[in-house]
2 protein chains.
Amino acid sequence: MSTDKIPYKIYLSESEMPTAWYNLRADMKNKPAPLLNPGTGQPLTAEEMRDIFCDELVRQELDETTAYYPIPQEIQSFYKMYRPSPLVRAYCLEEKLQTPAKIYYKFEGNNTSGSHKLNSAAAQAYYARQQGLKGVTTETGAGQWGTALSMACSYFGLDCKVYMVKVSYEQKPFRREVMRTYGASVTPSPSMETEVGRKILAEHPGTTGSLGCAISEAVEVAVSNPSYRYVLGSVLNQVMLHQSVIGLETKAAMDKYGIKPDIIIGCAGGGSNLGGLIAPFMGEKLRGEADYRFIAVEPASCPSFTRGRFAYDFCDTGKICPLAKMYTLGSGFIPSPNHAGGLRFHGMSPVLSQLYHDGFMEARAEEQGDVFEAAVTFARVEGILPAPESSHAIRAAIDEALKCKETGEEKTILFGLTGTGYFDLLAYQKYNDGALSDYIPSDEDLAIGFAGLPQVPKQT
Amino acid sequence: MSTDKIPYKIYLSESEMPTAWYNLRADMKNKPAPLLNPGTGQPLTAEEMRDIFCDELVRQELDETTAYYPIPQEIQSFYKMYRPSPLVRAYCLEEKLQTPAKIYYKFEGNNTSGSHKLNSAAAQAYYARQQGLKGVTTETGAGQWGTALSMACSYFGLDCKVYMVKVSYEQKPFRREVMRTYGASVTPSPSMETEVGRKILAEHPGTTGSLGCAISEAVEVAVSNPSYRYVLGSVLNQVMLHQSVIGLETKAAMDKYGIKPDIIIGCAGGGSNLGGLIAPFMGEKLRGEADYRFIAVEPASCPSFTRGRFAYDFCDTGKICPLAKMYTLGSGFIPSPNHAGGLRFHGMSPVLSQLYHDGFMEARAEEQGDVFEAAVTFARVEGILPAPESSHAIRAAIDEALKCKETGEEKTILFGLTGTGYFDLLAYQKYNDGALSDYIPSDEDLAIGFAGLPQVPKQT
């Protein structure tokens, strides 16, 4: 029936694209806990944050009340290079699964960075240039964020220094070359270039790195140079704000065709895609205007939501960053290098953590064999080779669709397809060779991470 | 002025997508010369072709009169997985070049194969399945065609055997893994699996392969197995027919907005993209309804149009394929492995060859340093990291736009952006390192290829 009406891909026209970001915090009754200064244990002031972040981004980070932020014209123009992204009706996947469910995905991979990360990179680079800065520093794991930031910095004329998690640097040399092509400098992390890098290397000489380490290095370089600031591609409130463009576009496209999702699924590492995708829908739920089921999907090897603690913790391994209250495995937790699927961050967005804590969202963990199986099933019928990260969401979407097949329910499932796997072929190669193993941390492994959680005075 | 009206990206709606392919030959006064049987020197009959190609594709190959071929519904559905492709107004590139020219490009890279090749792969796999075949064989150079065919075969349930030019197999292991992910078998060519492969290896033990060698192997395997057929991603008339979907979509999008291109530019290897892009525009020109300038851009290291001969030649190095009348460097010509930019085929589409011979089209050759410089300029402002192949067209488009800057002419330039460079990062790495060299064949080098041209009785 709807086959006649709903196209395979819904593209908004450029005039229908969002002109403002949505700040989900404005509709949260229980606001996310503030960032704390690890030295004093007190909430981080705007003044303290300005050494790390651009002024405008500090304002966005702290603003819990403004519901809508107009998107500056230059960022809107940048967005038009690769947005609107398509909302795809997965007709072929539905057919393959023989499910009565209707499956939609918002595909954010149609740009060179290969993911949604560009949405926030554009904003952060723009504000850095507006402030007259010379450049920015950052970390990158799988390389999506670093690539996105390189592209944005190239466009806005900023220097870009990227600290890339060593295991990714080695496994994904081509990501490095994309960044270099866009003019960025790329350093494997931990490196000998920073104090914190030298310290980590001295303590763990064979380490393959982690996002937490790389963050420490990037922050150190930024705060020691007044014409640079640090930018981060996930976790932060400002990033959720920028990424709301994903959900706003999705909702506009669905509203246009009278589609209402029952279940909304996103993969969760630091939470940037999930937070962005669900934002306007969650807003409706918080305001009591509509109800949706939200499912966060994380890797079983780095299970922040499902096995972590809701506690104040450092965002970085080097413990030089502010403390955030979030679901965390402890900043000392480094997932096994066997894990190929991204989403390797030990913590989680404070916004999403609060929402999960308050029962507005579900979470589940998936093992990577199951995730790649879903990825290949998807690729063969929908044509897009998905990023391993995104494939966590695919796994859950397929499982929910198969449940509908059992029950006969015609649910509408929406998931976020955050990106493509074109730079993850080493992982696919392992899967193709039957050589992909996963490592699931034992309770004892997790206890080590938890033991490193900082003692923090209770906040009111 | 038009900035307000023309969006960055024009997407046709699914109902506006072409429902028939256009057969440019129907409007050609001088038809392309027929394929010849190399044994007899006589035009290849449909019967002889059926050992190599599917029946329906034989019909399409030989049909010079039917102007429009309805696209079967299942292929239309397949196309909707990744089409319509956007027609992009290159506002950012225009700004960067400070040119009064208006630049448009048709971007065919938004699919996992990363190029336009999927348009014909879908059709060829569909017809093979319709005929009840078990599978198909093919060759691939840079890997775009092999990936496209793997995707199409996976979708239509066919076995897919790919012979991949050895230098690409080694430089692009990730392409191989994409093909394997879609279920194809991939063999580096020349291989010991075929008679022709063993012969070539015996004569040239150190060879890095060529498209011509790989074609020979794939054809040998196909003709020795009755439930397989051979499929080819370029050169053939049938491929031009399928690829006309590029030009038809482009023209529909331009007509919708009242845009008329002055210059139409495409890169040229075997001619599949160029032929597809220009088809409906060239049709208008041949019918005297409109005039356009067409520019084919080829690599200086493999200059079929600009330095080749218009003569009958083998399509493959092993000399087991039919003879085609085309611009050719000789089937024995193997371009230097230094050349990273694809488009390595010694010959050229007979359709395009005839049009070029008759003066309907221009051609130019570009060196790869200049090509990569254009690629990086483009990537940094338009966001898309282009395939080296496509970047030949970018080079020419930029040069034409810069000419407009000198003269003040507000020309409208259209070029084909055939694909993305995500699997060409080794070449970009060389460029980033300043280590990209080109090898331009001397007249003596070319003479060796020409000396191998077959003697053919004059056709009437």
# chains A, B, ... in the order shown; residues from 1 in each chain; ligands from 1

$ interface_residues --of "chain A" --to "chain B" --cutoff "7 Å" --atoms "only C-alpha atoms" --output "NGL selection string"
:A and (7-8 or 14 or 80-81 or 110-112 or 151 or 154-155 or 174 or 177 or 181-182 or 376 or 380-385 or 422 or 425 or 428-429 or 432)

$ residues_around --residues "Tyr327 (chain B)" --least-positions-apart "3" --cutoff "10 Å" --atoms "only C-alpha atoms" --output "PyMOL selection string"
chain B and resi 303-313+324+330+346-350+352-354+356-357

$ write_last_selection --atoms "N, CA and C atoms" --output "compact mmCIF listing (two decimals), in the first residue's frame"
# COMPACT_ATOMS: atom_id res chain seq x y z
N PRO B 303 46.85 7.63 -23.98
CA PRO B 303 46.12 8.61 -24.77
C PRO B 303 45.46 8.06 -26.03
N SER B 304 44.42 7.24 -25.87
CA SER B 304 43.79 6.57 -27.02
C SER B 304 43.26 7.55 -28.06
N PHE B 305 42.49 8.54 -27.62
CA PHE B 305 41.92 9.50 -28.56
C PHE B 305 43.00 10.38 -29.20
N THR B 306 43.83 10.96 -28.33
CA THR B 306 44.70 12.04 -28.81
C THR B 306 45.94 11.53 -29.53
N ARG B 307 46.35 10.29 -29.27
CA ARG B 307 47.55 9.79 -29.95
C ARG B 307 47.34 8.40 -30.54
N GLY B 308 46.12 7.88 -30.40
CA GLY B 308 45.85 6.54 -30.93
C GLY B 308 45.49 6.57 -32.41
N ARG B 309 45.22 5.39 -32.96
CA ARG B 309 44.79 5.26 -34.35
C ARG B 309 43.33 4.80 -34.39
N PHE B 310 42.60 5.23 -35.38
CA PHE B 310 41.22 4.78 -35.57
C PHE B 310 41.27 3.54 -36.46
N ALA B 311 41.23 2.40 -35.84
CA ALA B 311 41.49 1.15 -36.57
C ALA B 311 40.83 -0.02 -35.88
N TYR B 312 40.66 -1.10 -36.59
CA TYR B 312 40.20 -2.33 -35.96
C TYR B 312 41.29 -2.89 -35.06
N ASP B 313 40.87 -3.31 -33.87
CA ASP B 313 41.86 -3.87 -32.94
C ASP B 313 41.14 -4.83 -31.99
N ALA B 324 37.22 -4.61 -32.64
CA ALA B 324 36.34 -3.45 -32.65
C ALA B 324 37.07 -2.32 -33.36
N GLY B 330 46.74 0.05 -29.61
CA GLY B 330 47.21 -1.31 -29.86
C GLY B 330 46.97 -2.16 -28.63
N HIS B 346 43.49 0.35 -23.52
CA HIS B 346 44.19 0.78 -24.74
C HIS B 346 43.24 1.29 -25.82
N GLY B 347 41.97 0.89 -25.73
CA GLY B 347 41.02 1.26 -26.78
C GLY B 347 39.96 2.24 -26.29
N MET B 348 38.86 2.27 -27.00
CA MET B 348 37.82 3.26 -26.71
C MET B 348 36.51 2.79 -27.33
N SER B 349 35.42 3.15 -26.71
CA SER B 349 34.09 2.81 -27.25
C SER B 349 34.00 3.10 -28.75
N PRO B 350 33.55 2.11 -29.55
CA PRO B 350 33.36 2.36 -30.98
C PRO B 350 32.38 3.50 -31.26
N LEU B 352 31.84 6.24 -29.39
CA LEU B 352 32.54 7.51 -29.16
C LEU B 352 33.64 7.71 -30.20
N SER B 353 34.30 6.62 -30.56
CA SER B 353 35.37 6.72 -31.56
C SER B 353 34.82 7.28 -32.87
N GLN B 354 33.66 6.75 -33.29
CA GLN B 354 33.06 7.22 -34.54
C GLN B 354 32.68 8.71 -34.43
N TYR B 356 33.96 10.96 -32.48
CA TYR B 356 35.19 11.76 -32.43
C TYR B 356 35.77 11.88 -33.83
N HIS B 357 35.78 10.74 -34.53
CA HIS B 357 36.30 10.71 -35.89
C HIS B 357 35.50 11.65 -36.80

$ closest_residue --among "A:Thr140, A:Tyr126, A:Ser115, A:Val58" --to "Glu74 (chain A)" --atoms "only C-alpha atoms"
A:Tyr126

$ residues_around --residues "Val456 (chain B)" --least-positions-apart "4" --cutoff "12 Å" --atoms "only C-alpha atoms" --output "list in words"
Leu35, Leu36, Asn37, Pro38, Gly39, Thr40, Gly41, Gln42, Pro43, Ala311, Tyr312, Asp313, Phe314, Pro322, Leu323, Ala324 and Lys325 of chain B

$ write_last_selection --atoms "N, CA and C atoms" --output "CSV table (one decimal), in the first residue's frame"
chain,number,residue,atom,x,y,z
B,35,LEU,N,31.5,-5.2,-34.8
B,35,LEU,CA,32.5,-6.0,-34.3
B,35,LEU,C,32.8,-7.1,-35.3
B,36,LEU,N,34.1,-7.5,-35.4
B,36,LEU,CA,34.5,-8.5,-36.4
B,36,LEU,C,34.9,-9.8,-35.6
B,37,ASN,N,34.7,-10.9,-36.3
B,37,ASN,CA,35.2,-12.2,-35.8
B,37,ASN,C,36.7,-12.2,-36.3
B,38,PRO,N,37.6,-12.3,-35.3
B,38,PRO,CA,39.0,-12.2,-35.7
B,38,PRO,C,39.5,-13.4,-36.5
B,39,GLY,N,38.8,-14.5,-36.5
B,39,GLY,CA,39.2,-15.6,-37.3
B,39,GLY,C,38.8,-15.4,-38.8
B,40,THR,N,37.6,-14.9,-39.0
B,40,THR,CA,37.1,-14.8,-40.4
B,40,THR,C,37.2,-13.3,-40.9
B,41,GLY,N,37.4,-12.4,-40.1
B,41,GLY,CA,37.4,-11.0,-40.5
B,41,GLY,C,36.0,-10.5,-40.9
B,42,GLN,N,35.0,-11.3,-40.7
B,42,GLN,CA,33.6,-10.9,-41.0
B,42,GLN,C,32.9,-10.4,-39.8
B,43,PRO,N,31.8,-9.5,-40.0
B,43,PRO,CA,31.1,-9.1,-38.8
B,43,PRO,C,30.6,-10.2,-37.9
B,311,ALA,N,41.2,2.4,-35.8
B,311,ALA,CA,41.5,1.2,-36.6
B,311,ALA,C,40.8,0.0,-35.9
B,312,TYR,N,40.7,-1.1,-36.6
B,312,TYR,CA,40.2,-2.3,-36.0
B,312,TYR,C,41.3,-2.9,-35.1
B,313,ASP,N,40.9,-3.3,-33.9
B,313,ASP,CA,41.9,-3.9,-32.9
B,313,ASP,C,41.1,-4.8,-32.0
B,314,PHE,N,41.9,-5.7,-31.4
B,314,PHE,CA,41.4,-6.5,-30.3
B,314,PHE,C,41.1,-5.7,-29.1
B,322,PRO,N,36.6,-10.3,-29.9
B,322,PRO,CA,36.3,-9.8,-31.2
B,322,PRO,C,37.1,-8.5,-31.5
B,323,LEU,N,37.2,-8.1,-32.8
B,323,LEU,CA,37.8,-6.9,-33.2
B,323,LEU,C,36.8,-5.8,-33.2
B,324,ALA,N,37.2,-4.6,-32.6
B,324,ALA,CA,36.3,-3.4,-32.7
B,324,ALA,C,37.1,-2.3,-33.4
B,325,LYS,N,36.3,-1.5,-34.1
B,325,LYS,CA,36.9,-0.4,-34.8
B,325,LYS,C,36.8,0.8,-33.8

$ closest_residue --among "B:Pro72, B:Gly209, B:Gly132, B:Gly266" --to "Gly332 (chain B)" --atoms "only C-alpha atoms"
B:Gly209

$ closest_residue --among "A:Gln73, A:Ser224, A:Gln60, A:Thr208" --to "Glu195 (chain A)" --atoms "only C-alpha atoms"
A:Ser224

$ select_by_dssp --residues "region 43-91 of chain A" --states "strand (DSSP E or B)" --output "list in words"
Pro43, Tyr68, Tyr69, Pro70, Leu87, Val88 and Arg89 of chain A

$ residues_around --residues "Ala279 (chain A)" --least-positions-apart "6" --cutoff "8 Å" --atoms "only C-alpha atoms" --output "JSON, numbers by chain"
{"A": [22, 23, 24, 244, 247, 248]}

$ write_last_selection --atoms "all heavy atoms" --output "short mmCIF file (atom, residue, chain, number, x, y, z; two decimals), in the first residue's frame"
data_model
loop_
_atom_site.label_atom_id
_atom_site.label_comp_id
_atom_site.auth_asym_id
_atom_site.auth_seq_id
_atom_site.Cartn_x
_atom_site.Cartn_y
_atom_site.Cartn_z
N TYR A 22 18.20 22.14 17.65
CA TYR A 22 17.31 21.97 18.80
C TYR A 22 18.12 21.50 20.01
O TYR A 22 18.89 20.55 19.92
CB TYR A 22 16.22 20.95 18.46
CG TYR A 22 15.43 20.47 19.64
CD1 TYR A 22 14.72 21.38 20.44
CD2 TYR A 22 15.40 19.12 19.99
CE1 TYR A 22 14.00 20.93 21.53
CE2 TYR A 22 14.68 18.67 21.08
CZ TYR A 22 13.99 19.58 21.85
OH TYR A 22 13.30 19.14 22.94
N ASN A 23 17.92 22.18 21.11
CA ASN A 23 18.64 21.91 22.36
C ASN A 23 17.75 21.09 23.28
O ASN A 23 16.92 21.64 24.02
CB ASN A 23 19.02 23.26 23.00
CG ASN A 23 19.86 23.10 24.25
OD1 ASN A 23 20.25 22.00 24.62
ND2 ASN A 23 20.12 24.22 24.91
N LEU A 24 17.94 19.79 23.25
CA LEU A 24 17.07 18.89 24.01
C LEU A 24 17.02 19.21 25.50
O LEU A 24 16.00 19.02 26.17
CB LEU A 24 17.55 17.44 23.78
CG LEU A 24 16.79 16.30 24.44
CD1 LEU A 24 15.31 16.31 24.10
CD2 LEU A 24 17.42 14.95 24.05
N SER A 244 21.60 17.59 16.31
CA SER A 244 20.13 17.55 16.25
C SER A 244 19.63 17.75 14.82
O SER A 244 18.49 17.42 14.51
CB SER A 244 19.53 18.61 17.17
OG SER A 244 19.79 19.92 16.68
N GLY A 247 18.12 14.54 13.48
CA GLY A 247 16.76 14.23 13.91
C GLY A 247 15.74 15.20 13.33
O GLY A 247 14.63 14.81 12.96
N LEU A 248 16.13 16.47 13.26
CA LEU A 248 15.20 17.48 12.74
C LEU A 248 14.86 17.20 11.27
O LEU A 248 13.71 17.27 10.86
CB LEU A 248 15.80 18.88 12.89
CG LEU A 248 15.92 19.37 14.34
CD1 LEU A 248 16.87 20.57 14.43
CD2 LEU A 248 14.56 19.72 14.93
#

$ residues_around --residues "Pro441 (chain B)" --least-positions-apart "3" --cutoff "7 Å" --atoms "only C-alpha atoms" --output "short mmCIF file (atom, residue, chain, number, x, y, z; two decimals) with all heavy atoms, in the first residue's frame"
data_model
loop_
_atom_site.label_atom_id
_atom_site.label_comp_id
_atom_site.auth_asym_id
_atom_site.auth_seq_id
_atom_site.Cartn_x
_atom_site.Cartn_y
_atom_site.Cartn_z
N SER B 301 49.20 9.32 -20.12
CA SER B 301 49.95 8.06 -20.15
C SER B 301 49.22 6.96 -20.92
O SER B 301 49.78 5.90 -21.16
CB SER B 301 50.24 7.59 -18.73
OG SER B 301 49.01 7.34 -18.08
N ASP B 445 57.43 4.21 -28.09
CA ASP B 445 56.63 3.30 -27.26
C ASP B 445 55.31 2.99 -27.96
O ASP B 445 54.86 1.84 -28.01
CB ASP B 445 56.30 3.94 -25.90
CG ASP B 445 57.54 4.15 -25.05
OD1 ASP B 445 58.50 3.37 -25.19
OD2 ASP B 445 57.54 5.08 -24.22
N LEU B 446 54.69 4.04 -28.48
CA LEU B 446 53.40 3.85 -29.13
C LEU B 446 53.54 3.00 -30.40
O LEU B 446 52.66 2.19 -30.71
CB LEU B 446 52.77 5.20 -29.47
CG LEU B 446 52.34 6.06 -28.28
CD1 LEU B 446 51.59 7.30 -28.77
CD2 LEU B 446 51.45 5.30 -27.30
#

$ closest_residue --among "B:Ala393, B:Leu158, B:Ala363, B:Ile52" --to "Ile215 (chain B)" --atoms "only C-alpha atoms"
B:Ile52
